[in-house]
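Next comes work.tsv, a file with TSV, C-alpha atoms.
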```tsv
chain	number	residue	atom	x	y	z
A	598	MET	CA	0.00	0.00	0.00
A	599	ARG	CA	2.83	2.42	0.90
A	600	GLU	CA	4.56	1.73	-2.42
A	601	PHE	CA	1.27	2.35	-4.25
A	602	ARG	CA	0.81	5.72	-2.49
A	603	LEU	CA	4.34	6.76	-3.40
A	604	ARG	CA	3.72	5.90	-7.04
A	605	VAL	CA	0.49	7.89	-7.04
A	606	PHE	CA	2.29	10.86	-5.47
A	607	ALA	CA	5.02	10.68	-8.12
A	608	VAL	CA	2.44	10.67	-10.92
A	609	LEU	CA	0.53	13.61	-9.41
A	610	PHE	CA	3.78	15.58	-8.90
A	611	PHE	CA	4.88	14.97	-12.49
A	612	CYS	CA	1.49	16.02	-13.85
A	613	SER	CA	1.50	19.19	-11.75
A	614	VAL	CA	4.78	20.28	-13.34
A	615	PHE	CA	4.22	19.06	-16.92
A	616	LEU	CA	1.22	19.33	-19.24
A	617	PRO	CA	0.53	16.90	-22.11
A	618	VAL	CA	1.15	18.10	-25.65
A	619	ALA	CA	0.82	16.43	-29.01
A	620	ASP	CA	4.39	15.17	-29.21
A	621	GLY	CA	5.06	14.48	-25.55
A	622	LEU	CA	5.02	16.53	-22.34
A	623	ALA	CA	5.56	20.26	-21.89
A	624	ALA	CA	6.23	22.18	-18.68
A	625	ALA	CA	3.22	23.91	-17.13
A	626	PHE	CA	5.40	26.95	-16.40
A	627	HIS	CA	8.93	28.21	-17.05
A	628	ILE	CA	11.79	29.33	-14.81
A	629	GLY	CA	14.23	31.83	-16.31
A	630	LEU	CA	17.83	31.58	-15.17
A	631	MET	CA	20.62	34.10	-15.79
A	632	THR	CA	24.15	33.04	-14.83
A	633	GLY	CA	27.72	33.83	-15.80
A	634	SER	CA	29.18	32.21	-18.90
A	635	GLY	CA	31.78	30.21	-16.99
A	636	VAL	CA	34.73	32.38	-18.02
A	637	GLN	CA	35.51	33.27	-14.40
A	638	SER	CA	33.58	30.57	-12.53
A	639	SER	CA	32.29	27.23	-13.80
A	640	ASP	CA	29.95	26.68	-10.83
A	641	GLU	CA	27.12	28.65	-12.38
A	642	MET	CA	27.22	26.79	-15.70
A	643	LEU	CA	27.41	23.44	-13.88
A	644	ALA	CA	24.28	24.34	-11.91
A	645	ALA	CA	22.43	25.43	-15.06
A	646	ARG	CA	23.29	22.17	-16.83
A	647	LYS	CA	22.18	20.20	-13.78
A	648	LEU	CA	18.80	21.94	-13.72
A	649	ILE	CA	18.23	21.51	-17.46
A	650	ASP	CA	19.01	17.82	-17.11
A	651	LEU	CA	16.54	17.63	-14.23
A	652	TYR	CA	13.67	19.77	-15.50
A	653	GLY	CA	14.32	20.08	-19.22
A	654	ASP	CA	15.15	22.95	-21.56
A	655	ALA	CA	12.22	25.35	-22.10
A	656	ASN	CA	13.15	25.51	-25.78
A	657	HIS	CA	12.25	21.84	-26.04
A	658	GLY	CA	9.20	21.63	-23.80
A	659	GLY	CA	11.04	21.68	-20.49
A	660	MET	CA	10.95	24.13	-17.60
A	661	VAL	CA	14.31	25.98	-17.55
A	662	ARG	CA	15.18	28.84	-19.90
A	663	HIS	CA	18.89	29.61	-19.40
A	664	ILE	CA	20.74	32.74	-20.52
A	665	THR	CA	24.12	34.23	-19.57
A	666	TYR	CA	25.04	37.79	-18.72
A	667	PRO	CA	27.87	39.45	-20.72
A	668	ASP	CA	31.42	38.69	-19.59
A	669	ASN	CA	32.11	42.42	-19.57
A	670	PHE	CA	28.86	43.07	-17.71
A	671	LEU	CA	29.97	46.41	-16.28
A	672	HIS	CA	30.09	47.97	-19.75
A	673	ASP	CA	27.20	45.93	-21.15
A	674	MET	CA	24.64	46.70	-18.44
A	675	GLU	CA	21.91	47.50	-20.96
A	676	THR	CA	22.46	44.07	-22.50
A	677	THR	CA	22.00	42.44	-19.09
A	678	ILE	CA	18.82	44.40	-18.48
A	679	GLY	CA	17.46	43.60	-21.93
A	680	LEU	CA	18.15	39.88	-21.61
A	681	LEU	CA	16.44	39.64	-18.23
A	682	VAL	CA	13.41	41.71	-19.22
A	683	ALA	CA	13.00	39.67	-22.41
A	684	LEU	CA	12.43	36.56	-20.29
A	685	ALA	CA	9.13	38.12	-19.18
A	686	ASP	CA	7.86	38.00	-22.77
A	687	ASP	CA	7.43	34.26	-22.31
A	688	PRO	CA	3.77	33.82	-21.23
A	689	LEU	CA	4.69	30.68	-19.25
A	690	MET	CA	7.44	32.45	-17.30
A	691	LYS	CA	6.72	32.42	-13.56
A	692	VAL	CA	10.18	32.72	-11.93
A	693	ILE	CA	13.31	34.64	-12.95
A	694	ILE	CA	16.59	34.04	-11.11
A	695	ALA	CA	19.82	36.04	-11.43
A	696	CYS	CA	23.07	34.65	-10.02
A	697	GLN	CA	25.36	36.41	-9.82
A	698	ALA	CA	23.09	39.46	-9.70
A	699	VAL	CA	25.41	41.75	-11.65
A	700	PRO	CA	24.78	45.50	-12.13
A	701	GLY	CA	21.53	46.06	-13.97
A	702	THR	CA	19.63	43.27	-12.25
A	703	ALA	CA	17.63	45.58	-9.97
A	704	ASP	CA	16.54	47.81	-12.87
A	705	ALA	CA	15.58	44.72	-14.87
A	706	PHE	CA	13.51	43.34	-12.00
A	707	ARG	CA	11.66	46.64	-11.65
A	708	GLN	CA	10.80	46.62	-15.35
A	709	ILE	CA	9.71	42.98	-15.13
A	710	LYS	CA	7.40	43.73	-12.21
A	711	ILE	CA	5.71	46.53	-14.19
A	712	LYS	CA	5.32	44.25	-17.17
A	713	ARG	CA	4.53	41.01	-15.32
A	714	PRO	CA	3.84	41.46	-11.58
A	715	ASP	CA	3.05	37.74	-11.33
A	716	ILE	CA	6.67	36.75	-11.97
A	717	LEU	CA	8.76	35.86	-8.91
A	718	CYS	CA	12.14	37.65	-9.07
A	719	LEU	CA	14.97	35.98	-7.14
A	720	ALA	CA	18.61	37.09	-6.90
A	721	ALA	CA	21.81	35.78	-5.35
A	722	GLU	CA	25.30	37.16	-4.74
A	723	SER	CA	24.39	40.68	-5.76
A	724	GLN	CA	26.97	43.15	-6.98
A	725	GLU	CA	24.51	45.96	-6.33
A	726	ASP	CA	23.81	47.53	-2.94
A	727	THR	CA	21.54	45.36	-0.82
A	728	ARG	CA	18.93	48.04	-0.20
A	729	PHE	CA	18.79	48.93	-3.90
A	730	ILE	CA	18.24	45.41	-5.22
A	731	GLY	CA	16.37	44.32	-2.09
A	732	THR	CA	13.53	46.69	-2.94
A	733	ALA	CA	13.30	45.23	-6.45
A	734	ALA	CA	13.66	41.48	-5.80
A	735	ASP	CA	11.12	39.25	-4.10
A	736	LEU	CA	14.05	37.48	-2.46
A	737	LEU	CA	17.78	38.21	-2.30
A	738	VAL	CA	20.36	35.76	-0.93
A	739	ASN	CA	23.97	36.79	-0.34
A	740	SER	CA	26.82	35.09	1.43
A	741	ASP	CA	27.05	36.50	4.96
A	742	PHE	CA	29.58	39.20	4.15
A	743	VAL	CA	29.17	40.71	7.61
A	744	ALA	CA	30.00	37.53	9.54
A	745	ARG	CA	32.72	36.55	7.09
A	746	GLY	CA	34.33	39.96	7.52
A	747	TYR	CA	35.23	38.83	11.02
A	748	LEU	CA	35.55	35.08	10.52
A	749	ILE	CA	38.06	35.12	7.63
A	750	PRO	CA	40.71	37.13	9.55
A	751	TYR	CA	39.84	35.07	12.66
A	752	ALA	CA	40.58	31.88	10.70
A	753	ALA	CA	43.82	33.39	9.38
A	754	LYS	CA	44.88	34.07	12.96
A	755	LEU	CA	44.08	30.47	13.94
A	756	LEU	CA	46.34	29.19	11.18
A	757	GLY	CA	49.26	31.37	12.26
A	758	ALA	CA	49.04	34.40	9.97
A	759	LYS	CA	50.44	37.72	11.18
A	760	THR	CA	49.44	39.89	8.22
A	761	PHE	CA	46.18	40.00	6.26
A	762	VAL	CA	46.21	41.36	2.68
A	763	HIS	CA	42.91	42.37	1.08
A	764	ILE	CA	43.07	42.62	-2.74
A	765	SER	CA	40.43	44.55	-4.66
A	766	PHE	CA	39.68	47.62	-6.82
A	767	PRO	CA	37.46	50.74	-6.59
A	768	ARG	CA	34.38	49.30	-8.33
A	769	HIS	CA	34.06	46.60	-5.70
A	770	MET	CA	34.91	48.87	-2.80
A	771	ILE	CA	32.01	51.23	-3.47
A	772	ASN	CA	29.67	48.23	-3.34
A	773	GLU	CA	27.86	48.16	0.02
A	774	THR	CA	28.49	44.49	0.76
A	775	MET	CA	32.15	44.40	-0.25
A	776	GLY	CA	33.02	47.79	1.21
A	777	ARG	CA	31.38	46.97	4.52
A	778	ARG	CA	33.10	43.57	4.67
A	779	ARG	CA	36.49	45.18	4.07
A	780	LEU	CA	35.87	47.64	6.90
A	781	ILE	CA	34.93	44.80	9.24
A	782	MET	CA	38.04	42.85	8.20
A	783	GLU	CA	40.23	45.83	8.95
A	784	ARG	CA	38.71	46.35	12.38
A	785	ALA	CA	38.85	42.62	13.15
A	786	CYS	CA	42.53	42.52	12.23
A	787	ASP	CA	43.22	45.38	14.63
A	788	ASP	CA	41.47	43.52	17.44
A	789	LEU	CA	43.08	40.15	16.61
A	790	GLY	CA	46.60	41.53	16.40
A	791	LEU	CA	46.94	41.13	12.62
A	792	ARG	CA	48.47	43.73	10.33
A	793	PHE	CA	45.86	44.74	7.71
A	794	VAL	CA	47.00	45.77	4.22
A	795	TYR	CA	44.88	46.84	1.26
A	796	GLU	CA	46.36	46.13	-2.19
A	797	LYS	CA	44.75	47.48	-5.33
A	798	ALA	CA	44.65	45.20	-8.39
A	799	PRO	CA	43.30	45.73	-11.93
A	800	ASP	CA	39.55	45.35	-12.43
A	801	PRO	CA	39.00	42.44	-14.89
A	802	THR	CA	36.22	44.47	-16.53
A	803	GLY	CA	38.69	47.28	-17.20
A	804	VAL	CA	41.18	47.95	-19.99
A	805	ALA	CA	43.53	45.13	-18.96
A	806	GLY	CA	40.72	42.60	-19.09
A	807	ILE	CA	40.69	39.22	-17.36
A	808	ASP	CA	44.08	38.14	-18.75
A	809	GLY	CA	45.74	41.36	-17.64
A	810	ALA	CA	44.23	41.12	-14.17
A	811	ARG	CA	45.46	37.55	-13.76
A	812	ARG	CA	48.92	38.45	-15.04
A	813	TYR	CA	49.17	41.26	-12.48
A	814	ILE	CA	48.37	38.91	-9.59
A	815	THR	CA	50.89	36.36	-10.87
A	816	GLU	CA	53.63	38.98	-10.93
A	817	GLN	CA	52.77	40.66	-7.64
A	818	VAL	CA	52.26	37.75	-5.22
A	819	PRO	CA	55.99	36.86	-4.89
A	820	LYS	CA	56.72	40.55	-4.33
A	821	TRP	CA	54.00	40.84	-1.68
A	822	LEU	CA	55.26	37.74	0.13
A	823	LYS	CA	58.79	39.15	0.14
A	824	LEU	CA	57.44	42.46	1.49
A	825	TYR	CA	54.98	41.13	4.11
A	826	GLY	CA	56.40	37.67	4.89
A	827	LYS	CA	55.19	34.12	4.31
A	828	ASP	CA	52.98	34.29	7.40
A	829	THR	CA	50.54	36.44	5.39
A	830	ALA	CA	46.95	35.53	4.51
A	831	PHE	CA	45.44	36.83	1.27
A	832	PHE	CA	41.84	37.54	0.30
A	833	CYS	CA	40.63	38.82	-3.08
A	834	THR	CA	37.18	40.07	-4.03
A	835	ASN	CA	37.24	38.94	-7.67
A	836	ASP	CA	36.91	35.48	-9.18
A	837	ALA	CA	39.47	36.11	-11.93
A	838	HIS	CA	42.18	36.90	-9.36
A	839	THR	CA	41.67	33.65	-7.46
A	840	GLU	CA	43.41	31.15	-9.77
A	841	PRO	CA	46.78	32.96	-10.06
A	842	LEU	CA	46.68	33.84	-6.37
A	843	LEU	CA	46.28	30.19	-5.37
A	844	ARG	CA	49.00	29.05	-7.77
A	845	GLN	CA	51.53	31.56	-6.49
A	846	LEU	CA	50.73	31.04	-2.81
A	847	ALA	CA	51.21	27.28	-3.23
A	848	ALA	CA	54.60	27.90	-4.81
A	849	HIS	CA	55.88	30.68	-2.57
A	850	GLY	CA	54.05	30.45	0.77
A	851	GLY	CA	51.24	32.33	2.47
A	852	TYR	CA	47.64	31.50	3.39
A	853	PHE	CA	44.33	31.53	1.54
A	854	ILE	CA	41.34	31.03	3.83
A	855	GLU	CA	38.56	30.95	1.25
A	856	ALA	CA	37.43	32.69	-1.92
A	857	ASP	CA	34.97	35.55	-2.14
A	858	MET	CA	32.63	32.98	-3.76
A	859	PRO	CA	33.81	29.83	-1.94
A	860	SER	CA	33.90	26.79	-4.20
A	861	LEU	CA	36.01	23.76	-5.01
A	862	LEU	CA	35.80	24.82	-8.65
A	863	MET	CA	36.88	28.40	-7.96
A	864	GLY	CA	40.53	28.56	-9.00
A	865	TYR	CA	41.67	25.24	-7.56
A	866	PRO	CA	41.39	22.97	-10.64
A	867	ALA	CA	43.33	25.34	-12.92
A	868	ALA	CA	45.82	26.39	-10.25
A	869	PHE	CA	46.77	22.81	-9.37
A	870	GLY	CA	46.26	21.13	-12.74
A	871	ILE	CA	43.35	19.06	-11.45
A	872	THR	CA	41.25	17.23	-14.01
A	873	LEU	CA	37.68	17.14	-12.77
A	874	ASN	CA	34.46	15.89	-14.21
A	875	GLN	CA	32.89	19.27	-14.89
A	876	ASN	CA	29.45	17.64	-15.01
A	877	SER	CA	29.81	16.08	-11.57
A	878	ASP	CA	28.18	17.46	-8.45
A	879	ASP	CA	29.54	14.79	-6.11
A	880	TRP	CA	31.08	17.40	-3.85
A	881	GLY	CA	32.40	14.87	-1.35
A	882	ALA	CA	34.49	13.15	-4.05
A	883	LEU	CA	35.57	16.51	-5.48
A	884	LEU	CA	36.68	17.70	-2.04
A	885	LYS	CA	38.96	14.67	-1.63
A	886	ASN	CA	40.34	15.11	-5.14
A	887	VAL	CA	41.21	18.77	-4.64
A	888	GLU	CA	42.58	18.14	-1.16
A	889	GLN	CA	44.99	15.50	-2.45
A	890	SER	CA	46.35	17.93	-5.05
A	891	VAL	CA	46.69	20.83	-2.59
A	892	VAL	CA	48.50	18.66	-0.03
A	893	LYS	CA	50.77	17.22	-2.73
A	894	ALA	CA	51.69	20.76	-3.78
A	895	GLY	CA	52.87	21.51	-0.24
A	896	ALA	CA	49.99	23.79	0.70
A	897	SER	CA	48.49	21.57	3.43
A	898	GLY	CA	47.05	23.63	6.28
A	899	ARG	CA	47.34	26.85	4.26
A	900	MET	CA	44.30	26.86	1.95
A	901	GLY	CA	40.58	26.50	2.49
A	902	VAL	CA	37.14	26.35	0.93
A	903	TRP	CA	33.48	25.68	1.66
A	904	ALA	CA	32.62	22.00	1.32
A	905	ALA	CA	29.52	22.98	-0.68
A	906	PRO	CA	30.03	25.54	-3.48
A	907	LEU	CA	28.18	28.81	-2.99
A	908	ALA	CA	27.09	29.79	-6.52
A	909	TYR	CA	26.06	26.24	-7.46
A	910	ALA	CA	24.00	25.92	-4.28
A	911	ASP	CA	22.43	29.36	-4.83
A	912	ILE	CA	21.23	28.53	-8.33
A	913	VAL	CA	19.96	25.01	-7.66
A	914	ALA	CA	18.32	25.96	-4.35
A	915	LEU	CA	16.62	29.10	-5.67
A	916	THR	CA	15.30	27.23	-8.71
A	917	GLU	CA	13.83	24.52	-6.50
A	918	PHE	CA	12.44	27.14	-4.09
A	919	GLY	CA	10.89	29.15	-6.92
A	920	ARG	CA	9.28	26.00	-8.29
A	921	MET	CA	7.82	25.25	-4.86
A	922	VAL	CA	6.41	28.76	-4.47
A	923	VAL	CA	4.70	28.64	-7.87
A	924	MET	CA	3.22	25.23	-7.03
A	925	GLY	CA	1.93	26.48	-3.66
A	926	GLN	CA	4.30	24.27	-1.66
A	927	ALA	CA	6.12	27.21	0.00
A	928	LYS	CA	5.70	30.94	0.57
A	929	LYS	CA	8.30	33.36	-0.75
A	930	ASN	CA	9.35	34.46	2.77
A	931	ASP	CA	9.70	30.91	4.15
A	932	MET	CA	13.34	30.78	5.27
A	933	ARG	CA	13.01	27.23	6.60
A	934	ALA	CA	11.83	25.94	3.21
A	935	LEU	CA	14.62	27.85	1.47
A	936	LEU	CA	17.30	26.37	3.76
A	937	ALA	CA	15.89	22.92	3.07
A	938	CYS	CA	16.46	23.60	-0.64
A	939	TYR	CA	20.07	24.56	0.09
A	940	GLU	CA	20.61	21.39	2.10
A	941	LYS	CA	19.18	19.34	-0.78
A	942	ALA	CA	21.32	21.15	-3.34
A	943	SER	CA	24.55	20.59	-1.42
A	944	PRO	CA	24.23	18.02	1.39
A	945	ASN	CA	27.98	18.09	1.99
A	946	GLY	CA	27.73	21.06	4.35
A	947	ALA	CA	25.26	22.61	6.80
A	948	TRP	CA	23.96	26.10	6.05
A	949	GLN	CA	23.21	28.94	8.44
A	950	ALA	CA	21.02	31.91	7.53
A	951	ARG	CA	19.86	35.17	9.04
A	952	ARG	CA	17.90	38.14	7.79
A	953	TYR	CA	19.83	41.21	6.68
A	954	ILE	CA	19.75	44.31	8.88
A	955	ASP	CA	20.37	47.62	7.11
A	956	ARG	CA	22.40	49.38	9.79
A	957	ALA	CA	22.21	52.73	8.00
A	958	ILE	CA	18.45	52.91	8.61
A	959	GLY	CA	18.13	50.37	11.42
A	960	LYS	CA	15.71	48.18	9.50
A	961	THR	CA	15.53	44.42	9.00
A	962	MET	CA	14.93	43.51	5.35
A	963	ASN	CA	12.92	40.30	5.62
A	964	ASN	CA	13.36	39.43	1.95
A	965	CYS	CA	17.18	39.64	2.13
A	966	LEU	CA	19.02	36.67	3.63
A	967	LEU	CA	22.67	36.16	4.52
A	968	ILE	CA	23.98	32.58	4.44
A	969	ARG	CA	27.25	30.91	5.39
A	970	GLN	CA	29.05	27.63	6.03
A	971	ASP	CA	32.06	26.47	7.98
A	972	THR	CA	35.54	26.74	6.44
A	973	TYR	CA	37.36	23.55	5.47
A	974	ILE	CA	41.17	23.77	5.45
A	975	PHE	CA	42.85	21.23	3.18
A	976	GLY	CA	44.99	18.83	5.19
A	977	LYS	CA	43.43	20.04	8.43
A	978	GLY	CA	39.63	19.78	8.24
A	979	PHE	CA	36.77	22.03	9.36
A	980	LEU	CA	37.67	24.94	11.61
A	981	GLY	CA	34.35	24.96	13.50
A	982	LEU	CA	33.61	28.59	12.62
A	983	THR	CA	29.86	28.02	12.73
A	984	ASP	CA	30.23	27.80	16.52
A	985	THR	CA	32.24	31.03	16.73
A	986	ILE	CA	30.40	33.92	18.36
A	987	ILE	CA	30.78	37.10	16.35
A	988	PRO	CA	31.02	40.23	18.54
A	989	ASP	CA	28.04	42.54	18.14
A	990	LYS	CA	30.22	45.49	17.24
A	991	TYR	CA	31.11	43.87	13.93
A	992	LEU	CA	27.52	43.04	13.12
A	993	ALA	CA	26.65	46.70	13.71
A	994	THR	CA	29.44	48.08	11.52
A	995	PRO	CA	27.90	50.22	8.75
A	996	HIS	CA	29.37	50.78	5.28
A	997	GLN	CA	31.57	53.87	5.26
```
Starting from the file, give its structure as C-alpha cells.
Amino acid sequence: MREFRLRVFAVLFFCSVFLPVADGLAAAFHIGLMTGSGVQSSDEMLAARKLIDLYGDANHGGMVRHITYPDNFLHDMETTIGLLVALADDPLMKVIIACQAVPGTADAFRQIKIKRPDILCLAAESQEDTRFIGTAADLLVNSDFVARGYLIPYAAKLLGAKTFVHISFPRHMINETMGRRRLIMERACDDLGLRFVYEKAPDPTGVAGIDGARRYITEQVPKWLKLYGKDTAFFCTNDAHTEPLLRQLAAHGGYFIEADMPSLLMGYPAAFGITLNQNSDDWGALLKNVEQSVVKAGASGRMGVWAAPLAYADIVALTEFGRMVVMGQAKKNDMRALLACYEKASPNGAWQARRYIDRAIGKTMNNCLLIRQDTYIFGKGFLGLTDTIIPDKYLATPHQ
C-alpha cells in the first residue's frame, strides 16, 4: 500500500509540473535563469546544466530557460537588463533568477514587475547595494559578508598568519556588501593583532581585461610575500584573481582562507592542474580530489574552501524554491523551506542563515538573507567557525 501511495504521489507531482502536448510533455510553467558564462567561474554553468538535465530545456518543452550575462557586464549593463526583461515575454514564465546578480539586475527586476507582476524575481550574490536590489527582488540571498568579515581574519589568525592582505579595486569597494566587509576585516585585524594591508589590483572588466588582471596577480604575489612575509593571509574580491593567487601562494608560501565565492571549482582545478568531471556534483568526491592535489603541492594547512560551493547551491536551491512557491508548496518568505532547498542542493555542508539588517536605517529587510558555512582547510579539516560567536560590534558596523 505504501509503495502504491508513493507511485500515485510521483504521478501527481509529475502532472502538476508538466502538461501533455501532441508530441510528448511540456512544462506547465517556465523558470528563467541568468548566470555567468563560466569564463571566471564554472559553478554557475554546472548548476544550469544540472537543472536543465533535471527539469528540461524550455526551448524543447522543459521548464528551464537559461541565458548568460555578458562577460564584460559592467560595460554591457543594458544588454544584461534587456536579456532579463525579455524573459518576461514568455507567457509561461513564472520565476526569474539572477546569479550572480550583476549590475543592472535591480533595474531589470523593476521593469519585469511593471510588465509582469506575477513573476517571482529571485537574486543571489548581488553586486549591487543590498537596499537597492532588495527593494526590487522578491528574495535576495547573499553570502554572509558581515560575519565573514570577522571570521576570515579570525581563521587566518588560527592558522598562524600575522598579516592580512585584502586585494580589490574601486568598483568593488564602493559596493555596500564588499566595502562593509572590508571595513569589518580591517577592524577585526586590529582587534586580533593582525596587520591589515589593502592592495589594489586591476579590475578584470577594465582595460587590462581578465588576462591582464590575472597576469598582475601572478607577478605581484611573490613581491607581496617578500614584502609582508610568508605568514601572510590573502583575500581577493574577484573570481578572476583567485586562480593565479592560489598558484603563487602554493609555490611561494602564504595562506588563503577561502574565496569571495567559496567553491572547489573556484581557482583550484586550474591552479593545481586538477582534471575534474565538470558535469559532476559529487562534492564529497571533489573535495577529496582537490585536497589531495593541494596537499601534494605543499599547501596543506594553508588553503581553504566551503565544502559545498556557494554559486552552485544558490542557483539550484533558488530554482527549487521558486518552483515550490509557484506550485503552492512554500511561501516566498519561508526561510526554513529555502534552507531545506540549500541542504538538498549541497548536502555536503550545513547552512546557516539570518535576515539582513540595514544598519544605515536600522531596518531588518525580511526578503534579504545572509547565508554561510564552515571553512574547510585542506589537510586540516573544518575549523568549526559556525560555533564562533561574532562580537556585536562587527555586526553593527555600517558601510563607510
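Among the candidates A:Leu980, A:Leu680, A:Leu992, A:Met924, the one nearest to A:Ala904 when counting all atoms listed in the file is A:Leu980.
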Contact check, stretch 863-931 of chain A to stretch 657-670 of chain A, at most 12 Å, counting all atoms listed in the file, closest pairs as CSV:
```
residue,atom,partner,partner_atom,distance
A:Ile912,CA,A:His663,CA,11.4
A:Val913,CA,A:Val661,CA,11.4
A:Thr916,CA,A:Val661,CA,9.0
A:Glu917,CA,A:Val661,CA,11.2
A:Gly919,CA,A:Val661,CA,11.6
A:Arg920,CA,A:Met660,CA,9.6
```
d(atom CA of A:Ile814, atom CA of A:Gly864) in Å: 13.0 Å
Find the residues of stretch 813-839 of chain A that sit at most 9 Å from stretch 749-772 of chain A; for each, write down the nearest two atoms and how far apart they are in Å, to one decimal. Count all atoms listed in the file. Sort by chain, then by number going up, and give it as a Markdown table.
```
| residue | atom | partner | partner_atom | distance |
| --- | --- | --- | --- | --- |
| A:Trp821 | CA | A:Val762 | CA | 8.9 |
| A:Tyr825 | CA | A:Thr760 | CA | 7.0 |
| A:Gly826 | CA | A:Thr760 | CA | 8.0 |
| A:Lys827 | CA | A:Ala758 | CA | 8.4 |
| A:Asp828 | CA | A:Ala758 | CA | 4.7 |
| A:Thr829 | CA | A:Thr760 | CA | 4.6 |
| A:Ala830 | CA | A:Phe761 | CA | 4.9 |
| A:Phe831 | CA | A:Val762 | CA | 4.8 |
| A:Phe832 | CA | A:His763 | CA | 5.0 |
| A:Cys833 | CA | A:Ile764 | CA | 4.5 |
| A:Thr834 | CA | A:Ser765 | CA | 5.6 |
| A:Asn835 | CA | A:Ser765 | CA | 7.1 |
| A:His838 | CA | A:Ile764 | CA | 8.8 |
```
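Between atom CA of A:Ala798 and atom CA of A:Asp673 lies a distance of 21.6 Å.
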Give me, as a PDB file with C-alpha atoms, in the coordinates of the input, all polymer residues having an atom no more than 12 Å from A:Thr632, counting only C-alpha atoms and skipping those fewer than 2 positions away in the same chain.
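Here's the written file part09.pdb:
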```pdb
ATOM      1  CA  GLY A 629      14.230  31.830 -16.310  1.00  0.00           C
ATOM      2  CA  LEU A 630      17.830  31.580 -15.170  1.00  0.00           C
ATOM      3  CA  SER A 634      29.180  32.210 -18.900  1.00  0.00           C
ATOM      4  CA  GLY A 635      31.780  30.210 -16.990  1.00  0.00           C
ATOM      5  CA  VAL A 636      34.730  32.380 -18.020  1.00  0.00           C
ATOM      6  CA  GLN A 637      35.510  33.270 -14.400  1.00  0.00           C
ATOM      7  CA  SER A 638      33.580  30.570 -12.530  1.00  0.00           C
ATOM      8  CA  SER A 639      32.290  27.230 -13.800  1.00  0.00           C
ATOM      9  CA  ASP A 640      29.950  26.680 -10.830  1.00  0.00           C
ATOM     10  CA  GLU A 641      27.120  28.650 -12.380  1.00  0.00           C
ATOM     11  CA  MET A 642      27.220  26.790 -15.700  1.00  0.00           C
ATOM     12  CA  LEU A 643      27.410  23.440 -13.880  1.00  0.00           C
ATOM     13  CA  ALA A 644      24.280  24.340 -11.910  1.00  0.00           C
ATOM     14  CA  ALA A 645      22.430  25.430 -15.060  1.00  0.00           C
ATOM     15  CA  ARG A 646      23.290  22.170 -16.830  1.00  0.00           C
ATOM     16  CA  ARG A 662      15.180  28.840 -19.900  1.00  0.00           C
ATOM     17  CA  HIS A 663      18.890  29.610 -19.400  1.00  0.00           C
ATOM     18  CA  ILE A 664      20.740  32.740 -20.520  1.00  0.00           C
ATOM     19  CA  THR A 665      24.120  34.230 -19.570  1.00  0.00           C
ATOM     20  CA  TYR A 666      25.040  37.790 -18.720  1.00  0.00           C
ATOM     21  CA  PRO A 667      27.870  39.450 -20.720  1.00  0.00           C
ATOM     22  CA  ASP A 668      31.420  38.690 -19.590  1.00  0.00           C
ATOM     23  CA  PHE A 670      28.860  43.070 -17.710  1.00  0.00           C
ATOM     24  CA  THR A 677      22.000  42.440 -19.090  1.00  0.00           C
ATOM     25  CA  LEU A 680      18.150  39.880 -21.610  1.00  0.00           C
ATOM     26  CA  LEU A 681      16.440  39.640 -18.230  1.00  0.00           C
ATOM     27  CA  ILE A 693      13.310  34.640 -12.950  1.00  0.00           C
ATOM     28  CA  ILE A 694      16.590  34.040 -11.110  1.00  0.00           C
ATOM     29  CA  ALA A 695      19.820  36.040 -11.430  1.00  0.00           C
ATOM     30  CA  CYS A 696      23.070  34.650 -10.020  1.00  0.00           C
ATOM     31  CA  GLN A 697      25.360  36.410  -9.820  1.00  0.00           C
ATOM     32  CA  ALA A 698      23.090  39.460  -9.700  1.00  0.00           C
ATOM     33  CA  VAL A 699      25.410  41.750 -11.650  1.00  0.00           C
ATOM     34  CA  THR A 702      19.630  43.270 -12.250  1.00  0.00           C
ATOM     35  CA  ALA A 720      18.610  37.090  -6.900  1.00  0.00           C
ATOM     36  CA  ALA A 721      21.810  35.780  -5.350  1.00  0.00           C
ATOM     37  CA  GLU A 722      25.300  37.160  -4.740  1.00  0.00           C
ATOM     38  CA  SER A 723      24.390  40.680  -5.760  1.00  0.00           C
ATOM     39  CA  ALA A 908      27.090  29.790  -6.520  1.00  0.00           C
ATOM     40  CA  TYR A 909      26.060  26.240  -7.460  1.00  0.00           C
ATOM     41  CA  ASP A 911      22.430  29.360  -4.830  1.00  0.00           C
ATOM     42  CA  ILE A 912      21.230  28.530  -8.330  1.00  0.00           C
ATOM     43  CA  VAL A 913      19.960  25.010  -7.660  1.00  0.00           C
TER      44      VAL A 913
END
```
Selected residue, from A:Val892, A:Ala655, A:Ala623, A:Ala705, that lies nearest to A:Glu675 when counting all atoms listed in the file: A:Ala705
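Across A:Gln708, A:Thr676, A:Gln845, A:Asn963, the tightest approach to A:Gly895 is made by A:Gln845 when counting all atoms listed in the file.
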Would you compute, for all listed atoms of stretch 655-674 of chain A, the axis-aligned bounding box grown by 5 Å on each side, and then report its centre and edge lengths in Å rounded to one decimal, as lines of an AutoDock Vina configuration file?
```
center_x = 20.7
center_y = 34.8
center_z = -21.2
size_x = 32.9
size_y = 36.3
size_z = 19.8
```
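Distances here use only C-alpha atoms; by that measure, the residue among A:Arg745, A:Lys823, A:Arg728, A:Lys797 closest to A:Tyr991 is A:Arg745.
Taking atom CA of A:Pro799 and atom CA of A:Leu822 as endpoints, the distance between them is 18.8 Å.
If all atoms listed in the file are the atoms counted, then among A:Arg713, A:Thr727, A:Asp788, A:Gly679 the closest residue to A:Thr961 is A:Thr727.
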Exercise: A:Val887 partners within 10 Å, only C-alpha atoms, chain neighbours under 6 positions left out, as number ranges by chain: A: 861-862, 865-866, 869-873, 893, 975
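Nearest to A:Lys647 of all the residues A:Val891, A:Ser943, A:Asp878, A:Asp989 is A:Asp878, counting only C-alpha atoms.
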